[in-house]
>>> print(open('structure_21.txt').read())   # compact mmCIF, C-alpha atoms
# COMPACT_ATOMS: atom_id res chain seq x y z
CA MET A 1 118.01 66.28 109.43
CA PRO A 2 119.26 63.95 112.17
CA GLY A 3 117.47 64.57 115.42
CA LEU A 4 114.88 66.84 113.77
CA LYS A 5 111.89 67.27 116.00
CA CYS A 6 108.72 67.78 114.05
CA LEU A 7 105.00 67.44 114.32
CA PHE A 8 103.24 65.35 111.66
CA ILE A 9 99.75 66.45 110.67
CA TYR A 10 97.84 64.00 108.48
CA TYR A 11 95.20 64.76 105.90
CA PRO A 12 93.43 62.26 103.59
CA ARG A 13 95.56 63.13 100.54
CA PHE A 14 98.85 64.41 101.94
CA CYS A 15 100.68 65.36 105.08
CA PHE A 16 102.96 68.11 106.20
CA TYR A 17 105.14 68.60 109.20
CA ILE A 18 106.02 71.75 111.08
CA GLU A 19 109.65 72.15 112.00
CA LYS A 20 109.61 73.31 115.59
CA SER A 21 112.86 75.18 115.20
CA THR A 22 111.54 77.43 112.43
CA GLY A 23 107.77 77.10 112.62
CA GLN A 24 107.74 76.68 108.84
CA ARG A 25 105.48 74.22 107.10
CA ALA A 26 107.05 71.71 104.71
CA TYR A 27 105.31 69.08 102.63
CA SER A 28 106.35 65.46 102.62
CA SER A 29 105.94 63.14 99.65
CA ASN A 30 102.38 62.60 98.42
CA PHE A 31 101.34 60.88 101.62
CA MET A 32 98.39 58.57 101.74
CA GLN A 33 97.08 56.21 104.36
CA ALA A 34 98.81 52.87 103.89
CA PRO A 35 96.53 49.97 102.84
CA ASP A 36 95.59 47.38 105.46
CA THR A 37 98.36 44.93 106.30
CA GLN A 38 97.52 41.23 106.11
CA TYR A 39 99.47 38.04 106.81
CA ALA A 40 100.23 34.87 104.89
CA VAL A 41 101.75 31.82 106.57
CA THR A 42 104.54 29.87 104.87
CA ASN A 43 104.80 26.09 104.84
CA ASP A 44 107.33 26.32 107.68
CA GLY A 45 105.03 28.44 109.85
CA ILE A 46 106.47 31.94 109.24
CA SER A 47 103.99 34.85 109.05
CA ILE A 48 104.69 37.20 106.12
CA ALA A 49 103.19 40.71 106.18
CA TYR A 50 101.81 42.04 102.90
CA GLN A 51 99.46 44.64 101.40
CA GLN A 52 97.34 44.38 98.26
CA PHE A 53 95.80 47.31 96.41
CA GLY A 54 95.21 48.67 92.91
CA LYS A 55 93.11 47.61 89.97
CA GLY A 56 93.47 45.56 86.83
CA GLN A 57 93.53 41.90 85.89
CA GLN A 58 97.27 41.40 86.38
CA SER A 59 99.05 41.09 89.74
CA LEU A 60 102.45 42.72 90.28
CA ILE A 61 104.45 41.57 93.30
CA ILE A 62 107.09 44.06 94.47
CA ILE A 63 110.15 42.27 95.88
CA PRO A 64 111.94 44.56 98.36
CA GLY A 65 115.63 45.24 98.62
CA TRP A 66 117.89 45.35 101.66
CA VAL A 67 115.37 46.34 104.37
CA SER A 68 111.64 47.07 104.30
CA ASN A 69 108.58 48.03 106.30
CA ILE A 70 105.41 48.08 104.22
CA GLU A 71 103.65 50.60 106.44
CA GLU A 72 106.53 53.01 107.02
CA ILE A 73 107.54 53.04 103.34
CA TRP A 74 104.45 55.12 102.51
CA ASN A 75 106.09 58.07 104.26
CA LEU A 76 109.16 58.03 101.98
CA HIS A 77 109.45 60.85 99.50
CA GLN A 78 108.09 59.99 96.00
CA PHE A 79 107.20 56.38 96.87
CA PRO A 80 103.40 56.92 97.06
CA SER A 81 103.18 58.60 93.64
CA TRP A 82 105.32 55.86 92.05
CA ILE A 83 103.42 52.93 93.53
CA LEU A 84 99.98 54.47 92.99
CA TYR A 85 100.77 55.02 89.33
CA LEU A 86 101.58 51.31 89.01
CA ALA A 87 98.39 50.52 90.94
CA SER A 88 96.34 52.47 88.41
CA PHE A 89 96.61 49.59 85.92
CA THR A 90 97.60 46.51 87.93
CA LYS A 91 96.99 44.92 91.33
CA ILE A 92 100.00 45.59 93.54
CA ILE A 93 101.30 43.33 96.31
CA ILE A 94 104.10 44.64 98.53
CA TYR A 95 105.50 42.61 101.42
CA ASP A 96 108.19 42.34 104.08
CA ARG A 97 110.24 39.19 103.69
CA ARG A 98 110.84 37.08 106.77
CA GLY A 99 112.98 38.74 109.40
CA LEU A 100 112.16 42.29 108.31
CA GLY A 101 109.54 44.94 108.98
CA LEU A 102 106.20 43.52 110.10
CA SER A 103 106.95 39.88 109.22
CA ASP A 104 108.12 37.32 111.78
CA LYS A 105 111.52 38.15 113.24
CA VAL A 106 113.61 35.19 112.18
CA ILE A 107 117.23 34.89 111.06
CA PRO A 108 117.78 36.17 107.47
CA ASN A 109 117.08 33.42 105.02
CA ASN A 110 118.32 31.65 101.90
CA MET A 111 116.83 31.95 98.42
CA GLU A 112 114.41 29.06 98.71
CA ASP A 113 113.03 30.52 101.94
CA ARG A 114 112.52 33.81 100.10
CA ALA A 115 110.71 31.96 97.32
CA ASN A 116 108.49 30.33 99.95
CA ASP A 117 107.55 33.78 101.27
CA ILE A 118 106.27 34.68 97.80
CA LYS A 119 104.45 31.37 97.32
CA ALA A 120 102.70 31.84 100.67
CA ILE A 121 101.38 35.25 99.62
CA MET A 122 100.25 33.99 96.22
CA GLY A 123 98.52 31.05 97.88
CA SER A 124 96.80 33.28 100.42
CA LEU A 125 95.43 35.52 97.65
CA GLY A 126 94.64 32.69 95.24
CA ILE A 127 97.06 34.02 92.62
CA GLN A 128 98.17 31.37 90.14
CA LYS A 129 100.52 33.57 88.13
CA ALA A 130 101.95 37.05 88.66
CA SER A 131 104.48 39.55 87.35
CA PHE A 132 107.33 40.68 89.58
CA LEU A 133 109.30 43.86 90.15
CA GLY A 134 112.45 43.39 92.20
CA TYR A 135 114.86 46.14 93.18
CA CYS A 136 118.31 46.08 94.78
CA GLU A 137 118.89 42.61 96.26
CA GLY A 138 115.24 41.79 95.50
CA VAL A 139 116.42 41.40 91.90
CA ALA A 140 118.27 38.18 92.76
CA THR A 141 115.12 36.83 94.44
CA ALA A 142 113.04 37.64 91.36
CA LEU A 143 115.54 35.90 89.07
CA TYR A 144 115.76 32.84 91.34
CA PHE A 145 111.97 32.58 91.54
CA ALA A 146 111.57 32.93 87.77
CA ALA A 147 114.10 30.15 87.12
CA ASN A 148 112.73 27.72 89.71
CA HIS A 149 109.00 28.48 89.62
CA SER A 150 108.45 29.55 86.02
CA GLU A 151 104.85 28.32 86.04
CA LYS A 152 104.00 31.13 88.48
CA VAL A 153 105.69 33.95 86.55
CA GLU A 154 104.23 36.19 83.83
CA ARG A 155 106.86 38.93 83.46
CA ILE A 156 109.81 40.26 85.42
CA ILE A 157 111.12 43.78 85.94
CA VAL A 158 114.44 44.15 87.75
CA SER A 159 115.83 47.52 88.85
CA GLY A 160 119.31 48.36 90.10
CA GLY A 161 120.21 44.81 90.99
CA PHE A 162 122.64 41.96 90.45
CA ALA A 163 122.98 38.20 90.14
CA LYS A 164 126.07 38.26 92.35
CA LEU A 165 127.28 41.20 94.43
CA MET A 166 130.84 40.26 95.27
CA GLN A 167 133.82 40.08 92.95
CA ALA A 168 135.25 36.68 91.93
CA GLU A 169 137.80 35.43 89.40
CA ASP A 170 134.99 34.75 86.94
CA TYR A 171 133.02 37.85 87.99
CA PRO A 172 135.36 40.88 87.95
CA ILE A 173 132.51 43.43 87.92
CA GLY A 174 131.50 42.65 91.51
CA GLN A 175 132.44 44.68 94.58
CA THR A 176 135.83 44.01 96.10
CA GLN A 177 135.96 42.99 99.75
CA GLU A 178 137.37 46.41 100.58
CA GLU A 179 134.56 48.24 98.76
CA SER A 180 131.92 46.03 100.35
CA THR A 181 133.35 46.52 103.84
CA GLN A 182 133.36 50.28 103.35
CA ILE A 183 129.72 50.28 102.21
CA LEU A 184 128.74 47.94 105.06
CA GLU A 185 130.34 50.25 107.62
CA GLN A 186 128.63 53.24 106.02
CA LEU A 187 125.22 51.57 106.16
CA LEU A 188 125.53 50.27 109.71
CA ALA A 189 127.30 53.15 111.49
CA ASP A 190 125.14 54.69 114.25
CA TRP A 191 122.08 52.67 113.31
CA GLY A 192 118.92 54.72 113.59
CA GLN A 193 120.35 57.68 111.69
CA PRO A 194 119.71 58.21 107.93
CA ASN A 195 122.32 55.59 107.01
CA GLY A 196 123.08 55.06 103.32
CA LEU A 197 120.83 57.84 102.07
CA ASP A 198 123.79 59.25 100.10
CA LEU A 199 123.90 55.91 98.25
CA MET A 200 120.19 55.18 97.95
CA ALA A 201 118.81 58.61 97.04
CA PRO A 202 121.65 61.16 96.88
CA SER A 203 119.79 63.62 94.65
CA ILE A 204 117.05 64.21 97.24
CA MET A 205 118.89 63.45 100.49
CA HIS A 206 118.77 67.10 101.54
CA TYR A 207 115.07 67.56 100.87
CA SER A 208 113.29 68.81 103.96
CA GLY A 209 112.24 65.87 106.13
CA MET A 210 113.88 63.23 103.94
CA GLN A 211 116.58 62.26 106.45
CA TYR A 212 114.04 62.06 109.27
CA THR A 213 111.65 59.76 107.36
CA TRP A 214 114.50 57.58 105.99
CA ALA A 215 115.98 57.04 109.47
CA LYS A 216 112.52 56.19 110.84
CA PHE A 217 112.00 53.74 107.96
CA LEU A 218 115.30 51.97 108.71
CA ARG A 219 114.52 51.65 112.43
CA ALA A 220 111.09 50.22 111.65
CA SER A 221 112.57 47.80 109.11
CA ALA A 222 115.32 46.09 111.11
CA SER A 223 117.30 46.13 114.32
CA PRO A 224 121.07 46.78 114.07
CA SER A 225 121.91 43.08 114.37
CA THR A 226 119.27 42.07 111.80
CA ALA A 227 120.52 44.68 109.32
CA LYS A 228 124.07 43.40 109.76
CA LEU A 229 123.07 39.75 109.28
CA ASP A 230 121.03 40.67 106.22
CA LEU A 231 123.96 42.48 104.64
CA ALA A 232 126.17 39.46 105.31
CA MET A 233 123.57 37.30 103.52
CA THR A 234 123.55 39.74 100.61
CA GLN A 235 127.30 39.35 100.17
CA LYS A 236 126.79 35.59 99.67
CA ILE A 237 124.10 35.89 96.98
CA ASP A 238 124.95 34.23 93.68
CA VAL A 239 122.14 33.28 91.29
CA ARG A 240 124.18 33.33 88.08
CA HIS A 241 123.42 29.64 87.54
CA CYS A 242 119.70 30.50 87.29
CA LEU A 243 119.90 32.97 84.42
CA GLU A 244 119.91 30.45 81.56
CA TYR A 245 116.69 28.87 82.86
CA ILE A 246 114.61 32.05 82.83
CA THR A 247 112.00 31.90 80.06
CA SER A 248 109.67 34.75 81.07
CA PRO A 249 110.02 38.20 79.44
CA VAL A 250 112.47 40.35 81.43
CA LEU A 251 112.91 44.13 81.54
CA ILE A 252 116.16 45.29 83.18
CA MET A 253 116.34 48.89 84.42
CA HIS A 254 119.38 50.61 85.90
CA ARG A 255 120.53 54.17 86.53
CA LYS A 256 123.77 54.75 84.63
CA ASP A 257 125.56 56.34 87.60
CA ASP A 258 123.89 54.39 90.42
CA ARG A 259 125.90 55.22 93.57
CA LEU A 260 125.30 51.82 95.20
CA ILE A 261 125.20 49.14 92.49
CA SER A 262 127.17 49.48 89.24
CA ALA A 263 125.19 49.32 85.99
CA ALA A 264 127.74 46.70 84.85
CA HIS A 265 125.69 44.14 86.81
CA SER A 266 122.65 44.83 84.63
CA HIS A 267 124.71 44.59 81.44
CA TYR A 268 125.77 41.13 82.65
CA LEU A 269 122.13 40.13 83.21
CA GLN A 270 121.07 41.34 79.78
CA GLN A 271 123.80 39.31 78.09
CA ARG A 272 122.84 36.08 79.88
CA ILE A 273 119.03 36.16 80.00
CA ARG A 274 117.52 35.22 76.65
CA GLY A 275 115.50 38.05 75.15
CA ALA A 276 115.99 40.41 78.08
CA GLN A 277 115.53 44.14 77.41
CA LEU A 278 117.93 46.62 79.01
CA LEU A 279 116.83 50.18 79.76
CA LEU A 280 119.70 52.35 81.01
CA LEU A 281 118.47 55.49 82.70
CA GLN A 282 120.03 58.81 83.55
CA GLY A 283 120.64 59.43 87.23
CA ILE A 284 122.58 58.56 90.36
CA ASP A 285 119.77 57.32 92.62
CA HIS A 286 119.41 53.66 93.51
CA LEU A 287 115.80 53.52 94.72
CA PRO A 288 113.57 53.05 91.65
CA TRP A 289 110.91 55.55 92.73
CA VAL A 290 113.34 58.43 93.28
CA ARG A 291 113.55 60.86 90.35
CA THR A 292 111.60 58.54 88.10
CA ASN A 293 110.03 60.09 85.02
CA ALA A 294 107.36 59.60 82.40
CA LYS A 295 109.67 57.58 80.14
CA GLU A 296 110.52 55.06 82.86
CA LEU A 297 106.91 54.69 83.98
CA GLY A 298 105.67 54.45 80.41
CA ASN A 299 108.14 51.64 79.70
CA ILE A 300 106.97 49.73 82.77
CA LEU A 301 103.34 50.08 81.73
CA ALA A 302 104.03 49.00 78.13
CA PHE A 303 106.12 46.02 79.26
CA LEU A 304 103.59 44.74 81.81
CA LEU A 305 100.66 45.12 79.42
CA ASP A 306 102.69 43.65 76.53
CA GLU A 307 102.11 46.74 74.40
CA GLN A 308 104.29 48.65 72.00
CA MET A 309 105.94 51.57 73.76
CA VAL A 310 104.34 54.76 72.51
CA SER A 311 105.82 58.25 72.70
CA VAL A 312 105.58 59.60 76.23
CA PRO A 313 104.89 63.30 76.79
CA ASP A 314 107.72 65.39 78.17
CA LEU A 315 106.38 65.76 81.71
CA SER A 316 108.21 65.87 85.00
CA PHE A 317 107.54 63.04 87.42
CA GLU A 318 105.59 65.47 89.59
CA GLY A 319 103.47 66.57 86.64
CA PHE A 320 103.03 63.00 85.41
CA SER A 321 101.91 61.67 88.81
CA LYS A 322 99.68 64.70 89.48
CA MET A 323 97.76 64.08 86.25
CA TYR A 324 97.13 60.48 87.38
CA GLU A 325 95.97 61.77 90.77
CA ILE A 326 93.54 64.11 89.01
CA LYS A 327 92.31 61.29 86.76
CA ALA A 328 91.67 59.10 89.83
CA TYR A 329 89.93 62.00 91.58
CA LEU A 330 87.59 62.47 88.62
CA GLU A 331 86.73 58.76 88.60
CA GLU A 332 86.08 58.71 92.35
CA ASN A 333 83.78 61.75 92.21
CA LEU A 334 81.61 61.00 89.18
CA SER A 335 78.42 62.12 90.87
CA GLN A 336 79.77 65.60 91.55
CA ASN A 337 79.56 68.48 89.08
CA LEU A 338 83.30 69.19 89.20
CA THR A 339 84.64 72.31 87.52
CA ILE A 340 88.09 73.15 86.22
CA ALA A 341 88.35 75.86 88.87
CA GLN A 342 87.63 73.32 91.64
CA LEU A 343 90.30 70.94 90.30
CA CYS A 344 92.82 73.76 90.16
CA ARG A 345 92.18 74.66 93.79
CA GLU A 346 92.16 71.02 94.94
CA PHE A 347 95.48 70.17 93.29
CA GLY A 348 97.25 73.52 93.45
CA ILE A 349 97.68 73.89 89.69
CA ASN A 350 96.82 76.65 87.23
CA GLU A 351 94.16 76.15 84.56
CA PHE A 352 96.47 76.29 81.54
CA LYS A 353 98.85 73.67 82.96
CA LEU A 354 95.99 71.43 84.05
CA LYS A 355 94.31 71.42 80.65
CA THR A 356 97.56 71.17 78.67
CA GLU A 357 99.23 68.38 80.64
CA PHE A 358 96.04 66.30 81.02
CA LYS A 359 95.42 66.37 77.28
CA LYS A 360 99.09 65.70 76.54
CA LEU A 361 99.06 62.56 78.70
CA PHE A 362 95.58 61.14 78.09
CA LYS A 363 95.03 62.38 74.50
CA THR A 364 91.69 63.98 75.39
CA THR A 365 90.26 66.91 77.31
CA ILE A 366 89.13 66.64 80.92
CA ARG A 367 85.53 67.23 79.89
CA GLN A 368 85.61 64.51 77.23
CA TYR A 369 87.41 62.04 79.52
CA LEU A 370 84.85 62.56 82.25
CA LYS A 371 81.97 62.17 79.80
CA ASN A 372 83.36 58.88 78.41
CA TYR A 373 84.11 57.49 81.86
CA ARG A 374 80.61 58.36 83.11
CA LEU A 375 79.00 56.55 80.19
CA LYS A 376 81.34 53.56 80.52
CA THR A 377 80.51 53.30 84.23
CA SER A 378 76.81 53.48 83.50
CA LEU A 379 77.10 50.45 81.18
CA ALA A 380 78.18 48.27 84.11
CA LEU A 381 75.44 49.69 86.33
CA LEU A 382 72.80 48.97 83.69
CA ILE A 383 73.86 45.34 83.36
CA ASN A 384 74.90 44.44 86.90
CA THR A 385 72.44 46.33 89.12
CA ASP A 386 68.70 46.86 89.52
CA LEU A 387 69.08 50.60 89.97
CA SER A 388 66.54 52.73 88.15
CA LEU A 389 67.67 54.86 85.21
CA GLU A 390 67.22 57.95 87.37
CA GLU A 391 69.46 56.50 90.09
CA ILE A 392 72.12 55.51 87.56
CA SER A 393 72.10 58.93 85.91
CA GLN A 394 72.66 60.59 89.30
CA LYS A 395 75.43 58.16 90.25
CA VAL A 396 77.38 59.02 87.12
CA GLY A 397 76.89 62.76 87.43
CA TYR A 398 73.79 63.62 85.37
CA VAL A 399 71.27 65.72 87.30
CA TYR A 400 68.55 65.14 84.71
CA PRO A 401 67.89 61.58 83.47
CA ASN A 402 66.81 62.91 80.07
CA ASN A 403 70.26 64.49 79.51
CA TYR A 404 71.85 61.16 80.43
CA SER A 405 69.62 59.25 77.98
CA VAL A 406 70.30 61.66 75.10
CA THR A 407 74.08 61.54 75.69
CA PHE A 408 74.01 57.75 76.03
CA LYS A 409 72.09 57.30 72.77
CA SER A 410 74.45 59.64 70.95
CA LYS A 411 77.39 57.49 72.08
CA TYR A 412 75.98 53.95 71.78
CA GLY A 413 73.13 54.28 69.28
CA CYS A 414 70.40 53.12 71.65
CA SER A 415 68.73 54.32 74.83
CA PRO A 416 69.88 53.11 78.29
CA TYR A 417 66.58 51.20 78.58
CA GLN A 418 67.17 49.40 75.28
CA TYR A 419 70.78 48.63 76.23
CA ARG A 420 69.70 47.11 79.56
CA LYS A 421 66.96 45.05 77.89
CA THR A 422 69.38 43.71 75.28
CA HIS A 423 72.32 42.98 77.59
CA SER A 424 70.75 41.95 80.87
CA ILE A 425 71.27 38.36 81.96
CA GLN A 426 68.10 36.33 81.51
>>> encode(input="structure_21.txt", output="structure tokens")
Amino acid sequence: MPGLKCLFIYYPRFCFYIEKSTGQRAYSSNFMQAPDTQYAVTNDGISIAYQQFGKGQQSLIIIPGWVSNIEEIWNLHQFPSWILYLASFTKIIIYDRRGLGLSDKVIPNNMEDRANDIKAIMGSLGIQKASFLGYCEGVATALYFAANHSEKVERIIVSGGFAKLMQAEDYPIGQTQEESTQILEQLLADWGQPNGLDLMAPSIMHYSGMQYTWAKFLRASASPSTAKLDLAMTQKIDVRHCLEYITSPVLIMHRKDDRLISAAHSHYLQQRIRGAQLLLLQGIDHLPWVRTNAKELGNILAFLLDEQMVSVPDLSFEGFSKMYEIKAYLEENLSQNLTIAQLCREFGINEFKLKTEFKKLFKTTIRQYLKNYRLKTSLALLINTDLSLEEISQKVGYVYPNNYSVTFKSKYGCSPYQYRKTHSIQ
């Protein structure tokens, strides 16, 4: 709530704040410590702040919308779970474009300047080709980049965006000047308050702490004058001429009743980008991580990995993301003899739900998943390290090396010693 005074208490996996007025404890979104922020320098000398994290062979660059701050965004409700799910199968790069957040404070820029921001980051990280996920006005940047720098683009996901925002004679679906002025006034009034939350995330705007963290995010992202200039730039965006030149695979996502940007814009994109897929989603929220669900996340995964979309279990977003948290926790604690009871206490979940939802999502039991992951990890240790078999068995959670050897042979048909001898680099 505006003006809420609260005390933030941080723990490694989550945070909570205590409302001083009530003394009650409330949990914020799955908080985690933000990754280290780094800087890339563009060819015109502008420093662009970015973060890289996650795993996988593919890189996914997230192109932000209206305003951004890559450190403060980690405090927004549901963002950490959404982004960490994506990071479980791909390397994620998030950044603040020039003028915003932690990047150099310069006047809001044109499309080619925005493309240069991306090229600077890719150059700094040595990335030749990447996939992109743009949301809100970041969609136009993604489309422009794909049309003009196709050699650097694998795949594109666009969410809740547009090629042109404003209405024109040949673009009747755009916002009228009156509508745009009303939205602009709504977003800019009393800057520093939770402006526009009723447009960006109306379904969760009254969640405890949401208005406080959103207002703090806006203040950290842009000053009042910068926000106003950026909105004026947004009204001038028009990349319709680029659409016919996009050759990369494109997935278009839009909430059917998006309060900020009409889904008609995404229908227009789908009709004019060859081969583009359109996924219309239930909901009124504009921010892609708010109220997302297993179906949306499963479609993103399948699209990025170029796989056929398989049936996704009927799990809530909270249940879906919690299962991925538990999976990551198991992988990070291989050497420990974890029990179901310990996992239940650690994640605040009952045993039946833990076992049922984990198996539903990963098609195996927790015990079997852990066993397979331990053996898979040991393969890399056998080939790439000089650790003894006893040391390897302990690292992957086997107290007795003999148990490790028997389990390994049952899985791979040879002993760990024989595997190392056969596969080691001469």
>>> residues_around(input="structure_21.txt", residues="Tyr398 in chain A", least_positions_apart="5", cutoff="9 Å", atoms="only C-alpha atoms", output="PyMOL selection string")
chain A and resi 335-337+374+390+392-393+403-404
>>> residues_around(input="structure_21.txt", residues="range 104-121 of chain A", least_positions_apart="2", cutoff="8 Å", atoms="only C-alpha atoms", output="ChimeraX atom specification")
/A:39-43,46-48,50,97-100,102,123-125,141,144-145,226,229-230,233
>>> closest_atom_pairs(input="structure_21.txt", of="range 199-302 of chain A", to="range 65-85 of chain A", cutoff="7 Å", atoms="all atoms listed in the file", output="JSON lines")
{"residue": "A:Met210", "atom": "CA", "partner": "A:His77", "partner_atom": "CA", "distance": 6.7}
{"residue": "A:Thr213", "atom": "CA", "partner": "A:Leu76", "partner_atom": "CA", "distance": 6.2}
{"residue": "A:Trp214", "atom": "CA", "partner": "A:Leu76", "partner_atom": "CA", "distance": 6.7}
{"residue": "A:Phe217", "atom": "CA", "partner": "A:Glu72", "partner_atom": "CA", "distance": 5.6}
{"residue": "A:Ala220", "atom": "CA", "partner": "A:Asn69", "partner_atom": "CA", "distance": 6.3}
{"residue": "A:Ser221", "atom": "CA", "partner": "A:Asn69", "partner_atom": "CA", "distance": 4.9}
{"residue": "A:Ala222", "atom": "CA", "partner": "A:Val67", "partner_atom": "CA", "distance": 6.7}
{"residue": "A:Trp289", "atom": "CA", "partner": "A:Phe79", "partner_atom": "CA", "distance": 5.6}
{"residue": "A:Val290", "atom": "CA", "partner": "A:Gln78", "partner_atom": "CA", "distance": 6.1}
>>> closest_residue(input="structure_21.txt", among="A:Phe320, A:Tyr373, A:Tyr171, A:Tyr419", to="Phe358 in chain A", atoms="all atoms listed in the file")
A:Phe320
>>> closest_residue(input="structure_21.txt", among="A:Ile326, A:Ile340, A:Val250, A:Leu381", to="Phe352 in chain A", atoms="all atoms listed in the file")
A:Ile340
>>> residues_around(input="structure_21.txt", residues="Leu86 in chain A", least_positions_apart="4", cutoff="9 Å", atoms="all atoms listed in the file", output="VMD selection string")
chain A and resid 54 60 81 to 82 90 to 92 297 300 to 301
>>> write_last_selection(input="structure_21.txt", atoms="C-alpha atoms", output="PDB file, keeping the file's coordinate frame")
ATOM      1  CA  GLY A  54      95.210  48.670  92.910  1.00  0.00           C
ATOM      2  CA  LEU A  60     102.450  42.720  90.280  1.00  0.00           C
ATOM      3  CA  SER A  81     103.180  58.600  93.640  1.00  0.00           C
ATOM      4  CA  TRP A  82     105.320  55.860  92.050  1.00  0.00           C
ATOM      5  CA  THR A  90      97.600  46.510  87.930  1.00  0.00           C
ATOM      6  CA  LYS A  91      96.990  44.920  91.330  1.00  0.00           C
ATOM      7  CA  ILE A  92     100.000  45.590  93.540  1.00  0.00           C
ATOM      8  CA  LEU A 297     106.910  54.690  83.980  1.00  0.00           C
ATOM      9  CA  ILE A 300     106.970  49.730  82.770  1.00  0.00           C
ATOM     10  CA  LEU A 301     103.340  50.080  81.730  1.00  0.00           C
TER      11      LEU A 301
END
